[in-house]
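Heads up, coords-v4.pdb below (PDB, C-alpha atoms):
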ATOM      1  CA  MET J 387     159.556 192.835 109.264  1.00  0.00           C
ATOM      2  CA  THR J 388     163.245 192.155 109.050  1.00  0.00           C
ATOM      3  CA  SER J 389     165.528 192.915 111.971  1.00  0.00           C
ATOM      4  CA  GLN J 390     167.055 195.721 109.899  1.00  0.00           C
ATOM      5  CA  GLN J 391     163.606 197.277 109.376  1.00  0.00           C
ATOM      6  CA  VAL J 392     162.878 196.998 113.096  1.00  0.00           C
ATOM      7  CA  GLN J 393     166.120 198.838 113.846  1.00  0.00           C
ATOM      8  CA  LEU J 394     165.324 201.548 111.283  1.00  0.00           C
ATOM      9  CA  VAL J 395     161.955 202.149 112.931  1.00  0.00           C
ATOM     10  CA  LYS J 396     163.362 202.178 116.448  1.00  0.00           C
ATOM     11  CA  ARG J 397     166.334 204.407 115.656  1.00  0.00           C
ATOM     12  CA  SER J 398     164.333 206.900 113.621  1.00  0.00           C
ATOM     13  CA  PHE J 399     161.684 207.079 116.336  1.00  0.00           C
ATOM     14  CA  TRP J 400     164.362 207.712 118.942  1.00  0.00           C
ATOM     15  CA  ILE J 401     165.611 210.669 116.896  1.00  0.00           C
ATOM     16  CA  ALA J 402     162.093 211.973 116.194  1.00  0.00           C
ATOM     17  CA  GLU J 403     161.226 211.547 119.866  1.00  0.00           C
ATOM     18  CA  MET J 404     163.689 214.321 120.711  1.00  0.00           C
ATOM     19  CA  ARG J 405     161.400 216.578 118.645  1.00  0.00           C
ATOM     20  CA  ARG J 406     158.147 215.112 119.892  1.00  0.00           C
ATOM     21  CA  THR J 407     156.214 218.378 120.019  1.00  0.00           C
ATOM     22  CA  HIS J 408     157.124 219.116 116.413  1.00  0.00           C
ATOM     23  CA  LEU J 409     156.291 215.519 115.442  1.00  0.00           C
ATOM     24  CA  ALA J 410     152.870 215.723 117.114  1.00  0.00           C
ATOM     25  CA  GLY J 411     152.081 219.034 115.419  1.00  0.00           C
ATOM     26  CA  CYS J 412     153.152 217.750 112.006  1.00  0.00           C
ATOM     27  CA  PHE J 413     151.215 214.516 112.497  1.00  0.00           C
ATOM     28  CA  LEU J 414     147.991 216.292 113.426  1.00  0.00           C
ATOM     29  CA  ALA J 415     148.344 218.762 110.560  1.00  0.00           C
ATOM     30  CA  GLU J 416     148.919 215.896 108.120  1.00  0.00           C
ATOM     31  CA  LEU J 417     146.070 213.863 109.600  1.00  0.00           C
ATOM     32  CA  PHE J 418     143.487 216.639 109.436  1.00  0.00           C
ATOM     33  CA  ALA J 419     144.593 217.615 105.934  1.00  0.00           C
ATOM     34  CA  ARG J 420     143.955 214.029 104.821  1.00  0.00           C
ATOM     35  CA  ASP J 421     140.639 213.639 106.657  1.00  0.00           C
ATOM     36  CA  PRO J 422     139.245 216.679 108.495  1.00  0.00           C
ATOM     37  CA  ALA J 423     136.464 214.538 109.976  1.00  0.00           C
ATOM     38  CA  LEU J 424     139.040 212.878 112.229  1.00  0.00           C
ATOM     39  CA  TRP J 425     139.215 216.100 114.271  1.00  0.00           C
ATOM     40  CA  ARG J 426     136.274 214.888 116.390  1.00  0.00           C
ATOM     41  CA  LEU J 427     138.457 212.082 117.794  1.00  0.00           C
ATOM     42  CA  PHE J 428     141.157 214.498 118.891  1.00  0.00           C
ATOM     43  CA  SER J 429     139.071 216.984 120.840  1.00  0.00           C
ATOM     44  CA  THR J 430     141.216 217.067 123.994  1.00  0.00           C
ATOM     45  CA  GLU J 431     143.678 219.830 124.787  1.00  0.00           C
ATOM     46  CA  SER J 432     146.410 220.012 122.139  1.00  0.00           C
ATOM     47  CA  SER J 433     149.255 219.456 124.625  1.00  0.00           C
ATOM     48  CA  LEU J 434     147.566 216.251 125.798  1.00  0.00           C
ATOM     49  CA  ARG J 435     147.167 215.052 122.201  1.00  0.00           C
ATOM     50  CA  GLY J 436     150.925 215.308 121.723  1.00  0.00           C
ATOM     51  CA  GLU J 437     151.660 213.420 124.915  1.00  0.00           C
ATOM     52  CA  HIS J 438     149.107 210.705 124.113  1.00  0.00           C
ATOM     53  CA  LEU J 439     150.537 210.356 120.635  1.00  0.00           C
ATOM     54  CA  HIS J 440     154.055 210.114 122.003  1.00  0.00           C
ATOM     55  CA  HIS J 441     153.239 207.514 124.659  1.00  0.00           C
ATOM     56  CA  GLY J 442     151.133 205.400 122.328  1.00  0.00           C
ATOM     57  CA  LEU J 443     153.676 205.473 119.545  1.00  0.00           C
ATOM     58  CA  ALA J 444     156.553 204.793 121.948  1.00  0.00           C
ATOM     59  CA  GLY J 445     154.754 201.685 123.233  1.00  0.00           C
ATOM     60  CA  ILE J 446     154.110 200.387 119.735  1.00  0.00           C
ATOM     61  CA  VAL J 447     157.666 201.091 118.557  1.00  0.00           C
ATOM     62  CA  ALA J 448     159.129 199.387 121.630  1.00  0.00           C
ATOM     63  CA  SER J 449     157.092 196.261 120.845  1.00  0.00           C
ATOM     64  CA  ILE J 450     157.178 196.339 117.054  1.00  0.00           C
ATOM     65  CA  ASP J 451     159.287 193.196 116.803  1.00  0.00           C
ATOM     66  CA  ARG J 452     156.998 191.350 119.218  1.00  0.00           C
ATOM     67  CA  LEU J 453     153.488 192.775 119.050  1.00  0.00           C
ATOM     68  CA  HIS J 454     151.811 189.990 121.034  1.00  0.00           C
ATOM     69  CA  PRO J 455     152.232 191.730 124.437  1.00  0.00           C
ATOM     70  CA  ILE J 456     150.345 194.793 123.192  1.00  0.00           C
ATOM     71  CA  VAL J 457     147.687 193.006 121.131  1.00  0.00           C
ATOM     72  CA  PRO J 458     145.007 193.584 123.818  1.00  0.00           C
ATOM     73  CA  VAL J 459     145.705 197.331 123.697  1.00  0.00           C
ATOM     74  CA  LEU J 460     145.602 197.369 119.895  1.00  0.00           C
ATOM     75  CA  GLU J 461     142.339 195.418 119.968  1.00  0.00           C
ATOM     76  CA  TRP J 462     140.870 197.895 122.444  1.00  0.00           C
ATOM     77  CA  LEU J 463     141.964 200.765 120.182  1.00  0.00           C
ATOM     78  CA  ALA J 464     140.338 199.009 117.222  1.00  0.00           C
ATOM     79  CA  PHE J 465     137.017 198.567 119.074  1.00  0.00           C
ATOM     80  CA  HIS J 466     137.135 202.105 120.459  1.00  0.00           C
ATOM     81  CA  GLY J 467     137.844 203.486 116.991  1.00  0.00           C
ATOM     82  CA  ALA J 468     135.139 201.339 115.397  1.00  0.00           C
ATOM     83  CA  ALA J 469     132.630 202.734 117.890  1.00  0.00           C
ATOM     84  CA  HIS J 470     133.499 206.154 116.430  1.00  0.00           C
ATOM     85  CA  GLY J 471     133.234 204.959 112.837  1.00  0.00           C
ATOM     86  CA  LEU J 472     136.906 204.198 112.198  1.00  0.00           C
ATOM     87  CA  GLY J 473     137.946 201.306 110.020  1.00  0.00           C
ATOM     88  CA  GLU J 474     140.927 200.115 108.031  1.00  0.00           C
ATOM     89  CA  ARG J 475     140.747 203.073 105.640  1.00  0.00           C
ATOM     90  CA  HIS J 476     141.186 205.459 108.569  1.00  0.00           C
ATOM     91  CA  HIS J 477     144.061 203.442 110.010  1.00  0.00           C
ATOM     92  CA  VAL J 478     145.846 203.729 106.663  1.00  0.00           C
ATOM     93  CA  ILE J 479     145.239 207.497 106.656  1.00  0.00           C
ATOM     94  CA  ILE J 480     146.701 207.677 110.169  1.00  0.00           C
ATOM     95  CA  ALA J 481     149.749 205.651 109.073  1.00  0.00           C
ATOM     96  CA  ASP J 482     150.263 207.891 106.023  1.00  0.00           C
ATOM     97  CA  ALA J 483     150.017 211.006 108.191  1.00  0.00           C
ATOM     98  CA  LEU J 484     152.540 209.563 110.631  1.00  0.00           C
ATOM     99  CA  MET J 485     155.023 208.781 107.875  1.00  0.00           C
ATOM    100  CA  ALA J 486     154.610 212.253 106.373  1.00  0.00           C
ATOM    101  CA  ALA J 487     155.203 213.788 109.809  1.00  0.00           C
ATOM    102  CA  LEU J 488     158.303 211.655 110.323  1.00  0.00           C
ATOM    103  CA  GLU J 489     159.576 212.712 106.917  1.00  0.00           C
ATOM    104  CA  THR J 490     159.037 216.381 107.811  1.00  0.00           C
ATOM    105  CA  VAL J 491     160.707 216.089 111.214  1.00  0.00           C
ATOM    106  CA  LEU J 492     163.614 213.875 110.128  1.00  0.00           C
ATOM    107  CA  GLY J 493     164.207 215.463 106.743  1.00  0.00           C
ATOM    108  CA  GLU J 494     166.503 213.698 104.337  1.00  0.00           C
ATOM    109  CA  THR J 495     167.556 211.201 107.003  1.00  0.00           C
ATOM    110  CA  PHE J 496     164.115 209.638 106.480  1.00  0.00           C
ATOM    111  CA  THR J 497     165.110 207.493 103.511  1.00  0.00           C
ATOM    112  CA  PRO J 498     162.999 205.234 101.292  1.00  0.00           C
ATOM    113  CA  SER J 499     164.239 202.355 103.479  1.00  0.00           C
ATOM    114  CA  HIS J 500     162.843 204.125 106.528  1.00  0.00           C
ATOM    115  CA  ARG J 501     159.528 204.705 104.750  1.00  0.00           C
ATOM    116  CA  GLN J 502     159.303 201.004 103.834  1.00  0.00           C
ATOM    117  CA  ALA J 503     160.194 199.924 107.376  1.00  0.00           C
ATOM    118  CA  TRP J 504     157.624 202.281 108.897  1.00  0.00           C
ATOM    119  CA  TRP J 505     154.988 201.121 106.439  1.00  0.00           C
ATOM    120  CA  MET J 506     155.674 197.497 107.402  1.00  0.00           C
ATOM    121  CA  ALA J 507     155.396 198.433 111.087  1.00  0.00           C
ATOM    122  CA  CYS J 508     152.159 200.331 110.525  1.00  0.00           C
ATOM    123  CA  ARG J 509     150.751 197.514 108.409  1.00  0.00           C
ATOM    124  CA  SER J 510     151.501 195.015 111.199  1.00  0.00           C
ATOM    125  CA  VAL J 511     149.564 197.150 113.671  1.00  0.00           C
ATOM    126  CA  ILE J 512     146.711 197.750 111.227  1.00  0.00           C
ATOM    127  CA  ASP J 513     146.460 194.007 110.543  1.00  0.00           C
ATOM    128  CA  VAL J 514     146.085 193.257 114.266  1.00  0.00           C
ATOM    129  CA  MET J 515     143.374 195.893 114.579  1.00  0.00           C
ATOM    130  CA  VAL J 516     141.468 194.800 111.479  1.00  0.00           C
ATOM    131  CA  HIS J 517     141.635 191.156 112.552  1.00  0.00           C
ATOM    132  CA  ALA J 518     140.220 192.091 115.958  1.00  0.00           C
ATOM    133  CA  LEU J 519     137.235 193.762 114.304  1.00  0.00           C
ATOM    134  CA  GLU J 520     136.696 190.852 111.935  1.00  0.00           C
ATOM    135  CA  ALA J 521     136.852 188.344 114.795  1.00  0.00           C
ATOM    136  CA  GLU J 522     134.692 190.412 117.173  1.00  0.00           C
ATOM    137  CA  PRO J 523     131.313 189.030 116.023  1.00  0.00           C
ATOM    138  CA  LEU J 524     132.595 185.532 116.761  1.00  0.00           C
ATOM    139  CA  ALA J 525     133.458 186.534 120.312  1.00  0.00           C
ATOM    140  CA  ALA J 526     129.990 187.967 121.027  1.00  0.00           C
TER     141      ALA J 526
END
Whole structure, structure tokens version:
Amino acid sequence: MTSQQVQLVKRSFWIAEMRRTHLAGCFLAELFARDPALWRLFSTESSLRGEHLHHGLAGIVASIDRLHPIVPVLEWLAFHGAAHGLGERHHVIIADALMAALETVLGETFTPSHRQAWWMACRSVIDVMVHALEAEPLAA
């Protein structure tokens, strides 16, 4: 990611963060519309889902230009998700749902440049998670 893309992600998240409840609702609606089977992974109280989403996303966004400090967390998420049948396809669905939710919440301020920057950020996270799952048999 370029430094400009990093700034687009961070600034747009900061704006969306002010509407975090709306963002969480839009994200979950988008996610379940894309893959209703993912509902089983989000079975906690809806207010907690929004807070978990916010905190997780805030941590990733804060570290997006230097993922290495959060790699262990991303690896744990990858293994936890894999134990529930999640793989790269699901991570892409999650990323698409997030971008659609951001587009809904931010409206026309979410430009094609923002979409590209967010996709690059999501792809970086997905790559870490997929690599962890590919490397896991070697670690066993």
Using only C-alpha atoms, can you tell me which of J:Glu461, J:Asp513, J:Asp482, J:Glu520 comes closest to J:Leu414? J:Asp482
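Shortest atom-to-atom contact with J:Met387 among J:Cys412, J:Met506, J:Met515, J:Leu439: J:Met506, counting only C-alpha atoms.
For J:Ser449, the non-local neighbours within 12 Å, defined as residues at least 4 positions apart in the same chain or in other chains and counting all atoms listed in the file, are Val392, Gln393, Val395, Lys396, Gly442, Leu443, Ala444, Gly445, Leu453, His454, Pro455, Ile456, Val457, Val459, Leu460, Ala507, Ser510 and Val511 of chain J.
Nearest to J:Gly471 of all the residues J:Ala423, J:Ala487, J:Leu492, J:Ile446 is J:Ala423, counting all atoms listed in the file.
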When you count only C-alpha atoms, which of these residues is closest to J:Trp462: J:Leu519, J:Leu427, J:Leu409, J:Leu484? J:Leu519
Atomic separation - atom CA of J:Phe399 relative to atom CA of J:Val447, Å: 7.5 Å
Counting all atoms listed in the file, the residue of J:Phe465, J:Asp451, J:Cys508, J:Arg501 that sits nearest J:Leu488: J:Arg501
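For the atom pair formed by atom CA of J:Glu474 and atom CA of J:Glu403, the distance is 26.1 Å, given to one decimal.
With only C-alpha atoms as the atoms that count, the minimum distance from J:Ala419 to the choices J:Leu472, J:Ala448, J:Ala483, J:Ala402 is reached by J:Ala483.
The two atoms in question, atom CA of J:Leu394 and atom CA of J:Asp421, are spaced 27.9 Å apart.
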Please define a box with edges along x, y and z of the file around all atoms of stretch 410-427 of chain J given in the file, extend it by 3 Å on each side, and return its centre and edge lengths in Å to one decimal, as JSON.
{"center_x": 144.7, "center_y": 215.6, "center_z": 111.3, "size_x": 22.9, "size_y": 13.0, "size_z": 19.0}
Show which residues sit within 9 Å of stretch 497-499 of chain J, as a ChimeraX atom specification. Count all atoms listed in the file, and ignore same-chain residues fewer than 4 positions away. /J:391,394,489,493,503-504
